[in-house]
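Chemist: Let me give you the structure first, and then I'll get to my questions.
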Amino acid sequence: MKYVIVLTDGAADYPLEALSGRTPLEAANTPHIARLAQHGISGIVKTVPDSVKPGSDTANLSVMGYDPTVCYTGRSPLEAVSMGIDLADDDVALRCNIVTISDTERYEDATMVDYSAGEITTEEAKILIQDVAKELNSELRDLYPGVSYRHCLVLHHAETGTDCTPPHDITGRPIAEYLPKGVYGELLLDLMKRSREILRNHPVNLDRIARGLNPANTCWFWGEGRRPALDKFHDLHGKTGTVISAVDLIKGIGLCAGFESIDVENVTGTLDTNYEGKAAAACDALSRGQDFVYIHLEGPDECGHHADTEGKIVSLERIDQRIVAPVVEHLERLGEPYSILILPDHPTPISTMTHARDPVPFVLYRSTEDTGAYSVPHYDERCAASTGLFIEHGPDLMRRFLQEV
């Protein structure tokens, strides 16, 4: 049996007046996923326990079968693994976004304009982070460049206990009440202020402004944690696995779980990514004998954070046509029994522009079964909820998917 998960990050949503009371999943034309729903099992699953914050870190751990209340040590350390950063036991890693804040005299008076600095390119961001690192790195800290706006700060011989806010939670808000607090609050705020002085008139940003783009004019730190330790997926389930994603967080979770991680050219973590490349990489992994493939698509989440309703619908339709259709076709050609699971990790509603902890809809199709009891005509929140199938403990869905329960 081959197993494929298509993770549509942030796809679940709330009904929107602009869509006549429908959600983006309801409005999207997704015939290939609908066919799976018509012959498979649909329901809803609680991926985020009440005791943890809703995020792609905790939710994807849950979808992969890991209980975040037991194994979660922070977001940034998972990203650090993907970036090849070797964390010591007493290191603390933090995510570093390079963001756009309003240009005010006092840092504290600024507003969060754009948590991704206009989805800055990796090439531009690398130059900016390297120049900031020259000024801010020391024996006690190192700043590492990542992908697009996502980077990593490592504090050596450090403690946890700093309260930081994800920048995507405060788009359009004054930053004053969301500045770092706690153990390293003063240190991080000082580094953020110093980064603004370095970035404010940087040639890369001046060029972006000239092109009508948002400048990446400050670092913003959040998501602290220590080196993660996950049991290997193969040890738990006896399956070899591959993860395919544009973002370090998901790659890092996969690597910690013992998966191979495939780097696909020209993937962006946005609406405009290399869908065909991801689908081809998944098909290749399955043909090479991998038992399990986890394909992560970030586009719906990014569109949710930007309140881009049309973009969210387009991203879902592209996933249906350019990921699900070719992967299912390839699985059929292989001639082996297969199971495919499609779901978001969490909602990223257009109306709130940030993550929510609501249960999410899923569809599980097996080539060896044609299930009528939990089948629905379309894949969306309302249809999935209508079956009455509710999985309260997120990791249990993986065991059901792998036919262990």
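Starting from 1 in every chain, residues are counted up; chains themselves are A, B, ... following the order of the structure tokens, and ligands are numbered from 1 as listed.
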Tell me, which residues of region 123-222 of chain A carry DSSP alpha helix (DSSP H), written as an MDAnalysis selection string?

Modeler: chainID A and resid 123:136 185:199 203:210

Chemist: Might you pull out every residue within 8 Å of region 3-11 of chain A, with only C-alpha atoms counted and same-chain residues fewer than 2 positions away left off, and present them as a count of residues only?

Modeler: 35

Chemist: Counting only C-alpha atoms, which residues in region 159-265 of chain A sit no more than 8 Å from region 129-144 of chain A? For each one, give the nearest pair of atoms and the distance in Å, sorted by chain then residue number, as JSON lines.

Modeler:
{"residue": "A:Leu191", "atom": "CA", "partner": "A:Leu136", "partner_atom": "CA", "distance": 7.1}
{"residue": "A:Ser195", "atom": "CA", "partner": "A:Val132", "partner_atom": "CA", "distance": 6.2}
{"residue": "A:Ile198", "atom": "CA", "partner": "A:Val132", "partner_atom": "CA", "distance": 6.5}
{"residue": "A:Leu199", "atom": "CA", "partner": "A:Val132", "partner_atom": "CA", "distance": 7.6}

Chemist: Among region 302-381 of chain A, which ones does DSSP assign to strand (DSSP E) (computed from the backbone)? Answer as a PyMOL selection string.

Modeler: chain A and resi 338-343+360-366

Chemist: Would you mind exporting N, CA, C and O atoms of the selected residues as a PDB file, in the first residue's frame?

Modeler:
ATOM      1  N   TYR A 338      -3.459   1.983  -2.932  1.00  0.00           N
ATOM      2  CA  TYR A 338      -2.982   3.243  -2.348  1.00  0.00           C
ATOM      3  C   TYR A 338      -4.073   3.908  -1.528  1.00  0.00           C
ATOM      4  O   TYR A 338      -5.273   3.658  -1.706  1.00  0.00           O
ATOM      5  N   SER A 339      -3.614   4.756  -0.611  1.00  0.00           N
ATOM      6  CA  SER A 339      -4.506   5.614   0.181  1.00  0.00           C
ATOM      7  C   SER A 339      -4.009   7.045   0.047  1.00  0.00           C
ATOM      8  O   SER A 339      -2.801   7.287   0.051  1.00  0.00           O
ATOM      9  N   ILE A 340      -4.930   7.987  -0.084  1.00  0.00           N
ATOM     10  CA  ILE A 340      -4.566   9.402  -0.159  1.00  0.00           C
ATOM     11  C   ILE A 340      -5.440  10.188   0.821  1.00  0.00           C
ATOM     12  O   ILE A 340      -6.658   9.961   0.898  1.00  0.00           O
ATOM     13  N   LEU A 341      -4.803  11.051   1.585  1.00  0.00           N
ATOM     14  CA  LEU A 341      -5.476  11.870   2.596  1.00  0.00           C
ATOM     15  C   LEU A 341      -5.246  13.335   2.261  1.00  0.00           C
ATOM     16  O   LEU A 341      -4.099  13.749   2.063  1.00  0.00           O
ATOM     17  N   ILE A 342      -6.308  14.113   2.208  1.00  0.00           N
ATOM     18  CA  ILE A 342      -6.221  15.534   1.876  1.00  0.00           C
ATOM     19  C   ILE A 342      -6.859  16.326   3.012  1.00  0.00           C
ATOM     20  O   ILE A 342      -8.001  16.049   3.414  1.00  0.00           O
ATOM     21  N   LEU A 343      -6.114  17.296   3.528  1.00  0.00           N
ATOM     22  CA  LEU A 343      -6.635  18.115   4.626  1.00  0.00           C
ATOM     23  C   LEU A 343      -5.729  19.320   4.847  1.00  0.00           C
ATOM     24  O   LEU A 343      -4.570  19.304   4.437  1.00  0.00           O
ATOM     25  N   VAL A 360     -10.637  20.781  11.283  1.00  0.00           N
ATOM     26  CA  VAL A 360     -10.531  20.966   9.830  1.00  0.00           C
ATOM     27  C   VAL A 360     -11.131  19.773   9.098  1.00  0.00           C
ATOM     28  O   VAL A 360     -11.183  18.660   9.624  1.00  0.00           O
ATOM     29  N   PRO A 361     -11.600  19.994   7.861  1.00  0.00           N
ATOM     30  CA  PRO A 361     -12.183  18.895   7.087  1.00  0.00           C
ATOM     31  C   PRO A 361     -11.111  18.034   6.438  1.00  0.00           C
ATOM     32  O   PRO A 361     -10.048  18.515   6.050  1.00  0.00           O
ATOM     33  N   PHE A 362     -11.389  16.754   6.324  1.00  0.00           N
ATOM     34  CA  PHE A 362     -10.464  15.863   5.620  1.00  0.00           C
ATOM     35  C   PHE A 362     -11.239  14.937   4.703  1.00  0.00           C
ATOM     36  O   PHE A 362     -12.431  14.679   4.890  1.00  0.00           O
ATOM     37  N   VAL A 363     -10.540  14.424   3.695  1.00  0.00           N
ATOM     38  CA  VAL A 363     -11.062  13.342   2.866  1.00  0.00           C
ATOM     39  C   VAL A 363      -9.989  12.273   2.780  1.00  0.00           C
ATOM     40  O   VAL A 363      -8.813  12.567   2.557  1.00  0.00           O
ATOM     41  N   LEU A 364     -10.390  11.034   3.018  1.00  0.00           N
ATOM     42  CA  LEU A 364      -9.482   9.877   2.988  1.00  0.00           C
ATOM     43  C   LEU A 364     -10.034   8.884   1.974  1.00  0.00           C
ATOM     44  O   LEU A 364     -11.147   8.375   2.135  1.00  0.00           O
ATOM     45  N   TYR A 365      -9.247   8.633   0.938  1.00  0.00           N
ATOM     46  CA  TYR A 365      -9.678   7.716  -0.129  1.00  0.00           C
ATOM     47  C   TYR A 365      -8.731   6.524  -0.195  1.00  0.00           C
ATOM     48  O   TYR A 365      -7.510   6.691  -0.159  1.00  0.00           O
ATOM     49  N   ARG A 366      -9.311   5.335  -0.272  1.00  0.00           N
ATOM     50  CA  ARG A 366      -8.516   4.121  -0.492  1.00  0.00           C
ATOM     51  C   ARG A 366      -8.930   3.484  -1.823  1.00  0.00           C
ATOM     52  O   ARG A 366     -10.125   3.338  -2.098  1.00  0.00           O
TER      53      ARG A 366
END

Chemist: Tell me which of A:Glu381, A:Asp190, A:Glu317, A:Asp308 sits closest to Ser351 (chain A), counting only C-alpha atoms.

Modeler: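 Closest to Ser351 (chain A), using only C-alpha atoms: A:Asp308.
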
Chemist: Smallest atom-to-atom distance to Pro68 (chain A): which of A:Ser261, A:Ser42, A:Thr47, A:Ser287, using only C-alpha atoms?

Modeler: A:Thr47

Chemist: Using only C-alpha atoms, determine which residues lie at most 7 Å from region 104-118 of chain A, disregarding the query and same-chain residues fewer than 2 positions distant; provide the list as a list in words.

Modeler: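 The neighbour list is Ile98, Val99, Thr100, Ile101, Ser102, Ile120, Tyr149, Pro167, His168, Ile170, Thr171, Gly172, Arg173, Pro174, Ile175, Ala176, Lys193, Leu213, Asn214, Pro215 and Ala216 of chain A.
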
Chemist: Given the selection you just returned, output its residues as a file containing N, CA, C and O atoms, formatted as a compact mmCIF listing (two decimals), in the first residue's frame.

Modeler:
# COMPACT_ATOMS: atom_id res chain seq x y z
N ILE A 98 11.95 38.90 8.40
CA ILE A 98 12.25 40.28 8.03
C ILE A 98 10.94 40.86 7.49
O ILE A 98 10.36 40.34 6.55
N VAL A 99 10.47 41.89 8.16
CA VAL A 99 9.12 42.40 7.96
C VAL A 99 9.17 43.87 7.54
O VAL A 99 10.22 44.52 7.57
N THR A 100 8.00 44.38 7.19
CA THR A 100 7.84 45.80 6.91
C THR A 100 7.04 46.43 8.04
O THR A 100 5.90 46.03 8.30
N ILE A 101 7.65 47.40 8.73
CA ILE A 101 6.90 48.21 9.69
C ILE A 101 6.88 49.65 9.17
O ILE A 101 7.70 50.04 8.34
N SER A 102 5.93 50.42 9.66
CA SER A 102 5.83 51.81 9.22
C SER A 102 7.06 52.59 9.68
O SER A 102 7.69 52.26 10.69
N ILE A 120 9.37 38.77 0.01
CA ILE A 120 10.68 39.09 -0.52
C ILE A 120 11.37 37.85 -1.07
O ILE A 120 11.20 36.75 -0.56
N TYR A 149 11.26 35.40 3.58
CA TYR A 149 11.29 36.25 4.78
C TYR A 149 11.60 35.46 6.05
O TYR A 149 11.67 36.02 7.13
N PRO A 167 4.45 37.77 13.79
CA PRO A 167 4.07 39.01 13.09
C PRO A 167 2.82 38.87 12.24
O PRO A 167 2.11 39.85 12.02
N HIS A 168 2.53 37.64 11.76
CA HIS A 168 1.32 37.48 10.94
C HIS A 168 0.05 37.60 11.77
O HIS A 168 -1.04 37.68 11.20
N ILE A 170 -0.48 40.18 13.75
CA ILE A 170 -0.71 41.59 14.11
C ILE A 170 -0.63 42.51 12.89
O ILE A 170 -0.35 43.69 13.03
N THR A 171 -0.91 41.98 11.71
CA THR A 171 -0.90 42.82 10.51
C THR A 171 -1.85 44.00 10.67
O THR A 171 -3.00 43.84 11.06
N GLY A 172 -1.34 45.19 10.41
CA GLY A 172 -2.14 46.41 10.50
C GLY A 172 -2.27 46.99 11.89
O GLY A 172 -2.91 48.02 12.07
N ARG A 173 -1.65 46.35 12.88
CA ARG A 173 -1.78 46.83 14.27
C ARG A 173 -0.50 47.54 14.72
O ARG A 173 0.60 47.22 14.27
N PRO A 174 -0.62 48.48 15.65
CA PRO A 174 0.57 49.06 16.29
C PRO A 174 1.34 47.96 17.01
O PRO A 174 0.75 47.09 17.64
N ILE A 175 2.66 48.02 16.93
CA ILE A 175 3.47 46.92 17.47
C ILE A 175 3.77 47.05 18.96
O ILE A 175 4.27 46.11 19.58
N ALA A 176 3.47 48.21 19.56
CA ALA A 176 3.94 48.52 20.92
C ALA A 176 3.63 47.43 21.94
O ALA A 176 4.50 47.01 22.71
N LYS A 193 15.75 46.87 16.93
CA LYS A 193 15.99 48.29 16.65
C LYS A 193 17.28 48.48 15.86
O LYS A 193 17.33 49.29 14.91
N LEU A 213 7.70 48.08 -4.11
CA LEU A 213 7.58 46.91 -3.24
C LEU A 213 7.84 47.30 -1.78
O LEU A 213 8.53 48.28 -1.51
N ASN A 214 7.32 46.51 -0.87
CA ASN A 214 7.56 46.77 0.55
C ASN A 214 9.01 46.45 0.91
O ASN A 214 9.52 45.39 0.55
N PRO A 215 9.66 47.34 1.65
CA PRO A 215 11.03 47.05 2.09
C PRO A 215 11.02 46.13 3.30
O PRO A 215 10.11 46.16 4.12
N ALA A 216 12.06 45.31 3.41
CA ALA A 216 12.25 44.48 4.61
C ALA A 216 13.07 45.31 5.58
O ALA A 216 14.30 45.28 5.58

Chemist: Could you tell me which of A:Asp50, A:Thr242, A:Leu128, A:Cys164 comes closest to Asn201 (chain A) if we count only C-alpha atoms?

Modeler: A:Leu128

Chemist: Write out as a list in words each polymer residue whose atoms come within 12 Å of Gly84 (chain A), counting only C-alpha atoms; drop sequence neighbours fewer than 3 positions from it.

Modeler: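 Counting only C-alpha atoms, the residues come to Pro77, Leu78, Glu79, Ala80, Val81, Leu87, Tyr144, Pro145, Gly146, Cys152, Asp248, Lys251, Gly252, Leu255 and Cys256 of chain A.
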
Chemist: Which one is closest to Val327 (chain A): A:Met64, A:Ile33, A:Val247, A:Val376? Count only C-alpha atoms.

Modeler: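 Among the listed residues, the smallest separation from Val327 (chain A) belongs to A:Ile33.
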
Chemist: Using only C-alpha atoms, which residues sit within 7 Å of Arg95 (chain A) once same-chain residues fewer than 5 positions away are excluded, as a PDB file with N, CA and C atoms, in the first residue's frame?

Modeler:
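Listed below is the output, out08.pdb:
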ATOM      1  N   SER A  76      10.922  27.364  15.894  1.00  0.00           N
ATOM      2  CA  SER A  76      12.177  27.661  15.230  1.00  0.00           C
ATOM      3  C   SER A  76      13.168  26.504  15.223  1.00  0.00           C
ATOM      4  N   ARG A 150      11.822  34.135   5.936  1.00  0.00           N
ATOM      5  CA  ARG A 150      11.938  33.251   7.097  1.00  0.00           C
ATOM      6  C   ARG A 150      13.409  32.940   7.402  1.00  0.00           C
ATOM      7  N   HIS A 151      13.886  33.343   8.580  1.00  0.00           N
ATOM      8  CA  HIS A 151      15.293  33.145   8.949  1.00  0.00           C
ATOM      9  C   HIS A 151      15.389  32.664  10.393  1.00  0.00           C
ATOM     10  N   CYS A 152      16.596  32.522  10.921  1.00  0.00           N
ATOM     11  CA  CYS A 152      16.757  31.900  12.227  1.00  0.00           C
ATOM     12  C   CYS A 152      17.837  32.605  13.040  1.00  0.00           C
ATOM     13  N   LEU A 153      17.528  32.898  14.296  1.00  0.00           N
ATOM     14  CA  LEU A 153      18.485  33.424  15.265  1.00  0.00           C
ATOM     15  C   LEU A 153      18.721  32.349  16.322  1.00  0.00           C
ATOM     16  N   PHE A 221      11.520  38.809  15.873  1.00  0.00           N
ATOM     17  CA  PHE A 221      11.840  37.494  16.429  1.00  0.00           C
ATOM     18  C   PHE A 221      10.633  36.872  17.134  1.00  0.00           C
ATOM     19  N   TRP A 222      10.486  35.552  16.982  1.00  0.00           N
ATOM     20  CA  TRP A 222       9.388  34.833  17.625  1.00  0.00           C
ATOM     21  C   TRP A 222       9.650  33.321  17.515  1.00  0.00           C
ATOM     22  N   GLY A 223       8.794  32.514  18.154  1.00  0.00           N
ATOM     23  CA  GLY A 223       8.836  31.063  17.978  1.00  0.00           C
ATOM     24  C   GLY A 223      10.015  30.372  18.626  1.00  0.00           C
ATOM     25  N   GLU A 224      10.370  30.763  19.845  1.00  0.00           N
ATOM     26  CA  GLU A 224      11.557  30.198  20.493  1.00  0.00           C
ATOM     27  C   GLU A 224      11.395  28.716  20.813  1.00  0.00           C
TER      28      GLU A 224
END

Chemist: With a cut-off of 9 Å, could you pull out the residues of region 114-198 of chain A touching region 204-209 of chain A and give me the nearest pair of atoms for each, distance in Å to one decimal, using only C-alpha atoms, ordered by chain and ascending number, as a tab-separated table?

Modeler:
residue	atom	partner	partner_atom	distance
A:Glu124	CA	A:Val204	CA	6.6
A:Ala125	CA	A:Val204	CA	8.7
A:Ile127	CA	A:Val204	CA	7.9
A:Leu128	CA	A:Val204	CA	7.4

Chemist: Based on the selection just made, write all heavy atoms of those residues as a PDB file, in the first residue's frame.

Modeler:
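The result, written out as out_12.pdb:
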ATOM      1  N   GLU A 124      17.274  38.321  -2.357  1.00  0.00           N
ATOM      2  CA  GLU A 124      17.333  39.626  -1.695  1.00  0.00           C
ATOM      3  C   GLU A 124      17.490  39.463  -0.183  1.00  0.00           C
ATOM      4  O   GLU A 124      18.292  40.153   0.458  1.00  0.00           O
ATOM      5  CB  GLU A 124      16.055  40.417  -1.994  1.00  0.00           C
ATOM      6  CG  GLU A 124      15.915  40.880  -3.432  1.00  0.00           C
ATOM      7  CD  GLU A 124      14.555  41.498  -3.688  1.00  0.00           C
ATOM      8  OE1 GLU A 124      13.530  40.841  -3.392  1.00  0.00           O
ATOM      9  OE2 GLU A 124      14.503  42.637  -4.184  1.00  0.00           O
ATOM     10  N   ALA A 125      16.698  38.534   0.375  1.00  0.00           N
ATOM     11  CA  ALA A 125      16.715  38.349   1.820  1.00  0.00           C
ATOM     12  C   ALA A 125      18.084  37.887   2.315  1.00  0.00           C
ATOM     13  O   ALA A 125      18.543  38.310   3.382  1.00  0.00           O
ATOM     14  CB  ALA A 125      15.646  37.336   2.221  1.00  0.00           C
ATOM     15  N   ILE A 127      21.027  38.601   1.181  1.00  0.00           N
ATOM     16  CA  ILE A 127      21.930  39.757   1.262  1.00  0.00           C
ATOM     17  C   ILE A 127      21.638  40.564   2.515  1.00  0.00           C
ATOM     18  O   ILE A 127      22.554  40.957   3.258  1.00  0.00           O
ATOM     19  CB  ILE A 127      21.781  40.634   0.000  1.00  0.00           C
ATOM     20  CG1 ILE A 127      22.241  39.874  -1.244  1.00  0.00           C
ATOM     21  CG2 ILE A 127      22.583  41.927   0.150  1.00  0.00           C
ATOM     22  CD1 ILE A 127      21.900  40.576  -2.548  1.00  0.00           C
ATOM     23  N   LEU A 128      20.357  40.807   2.777  1.00  0.00           N
ATOM     24  CA  LEU A 128      19.975  41.610   3.945  1.00  0.00           C
ATOM     25  C   LEU A 128      20.386  40.928   5.253  1.00  0.00           C
ATOM     26  O   LEU A 128      20.972  41.559   6.133  1.00  0.00           O
ATOM     27  CB  LEU A 128      18.471  41.859   3.933  1.00  0.00           C
ATOM     28  CG  LEU A 128      17.918  42.702   2.776  1.00  0.00           C
ATOM     29  CD1 LEU A 128      16.400  42.784   2.851  1.00  0.00           C
ATOM     30  CD2 LEU A 128      18.519  44.096   2.772  1.00  0.00           C
TER      31      LEU A 128
END

Chemist: Considering only C-alpha atoms, state which residue in the set A:Pro49, A:Gly185, A:Gly311, A:Val147 is at the smallest distance from Gly269 (chain A).

Modeler: A:Val147

Chemist: Return the single residue from A:Leu230, A:Ala385, A:Tyr14, A:Leu61 that is closest to Met353 (chain A), with distances computed using only C-alpha atoms.

Modeler: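 Among A:Leu230, A:Ala385, A:Tyr14, A:Leu61, it is A:Tyr14 that comes nearest to Met353 (chain A).
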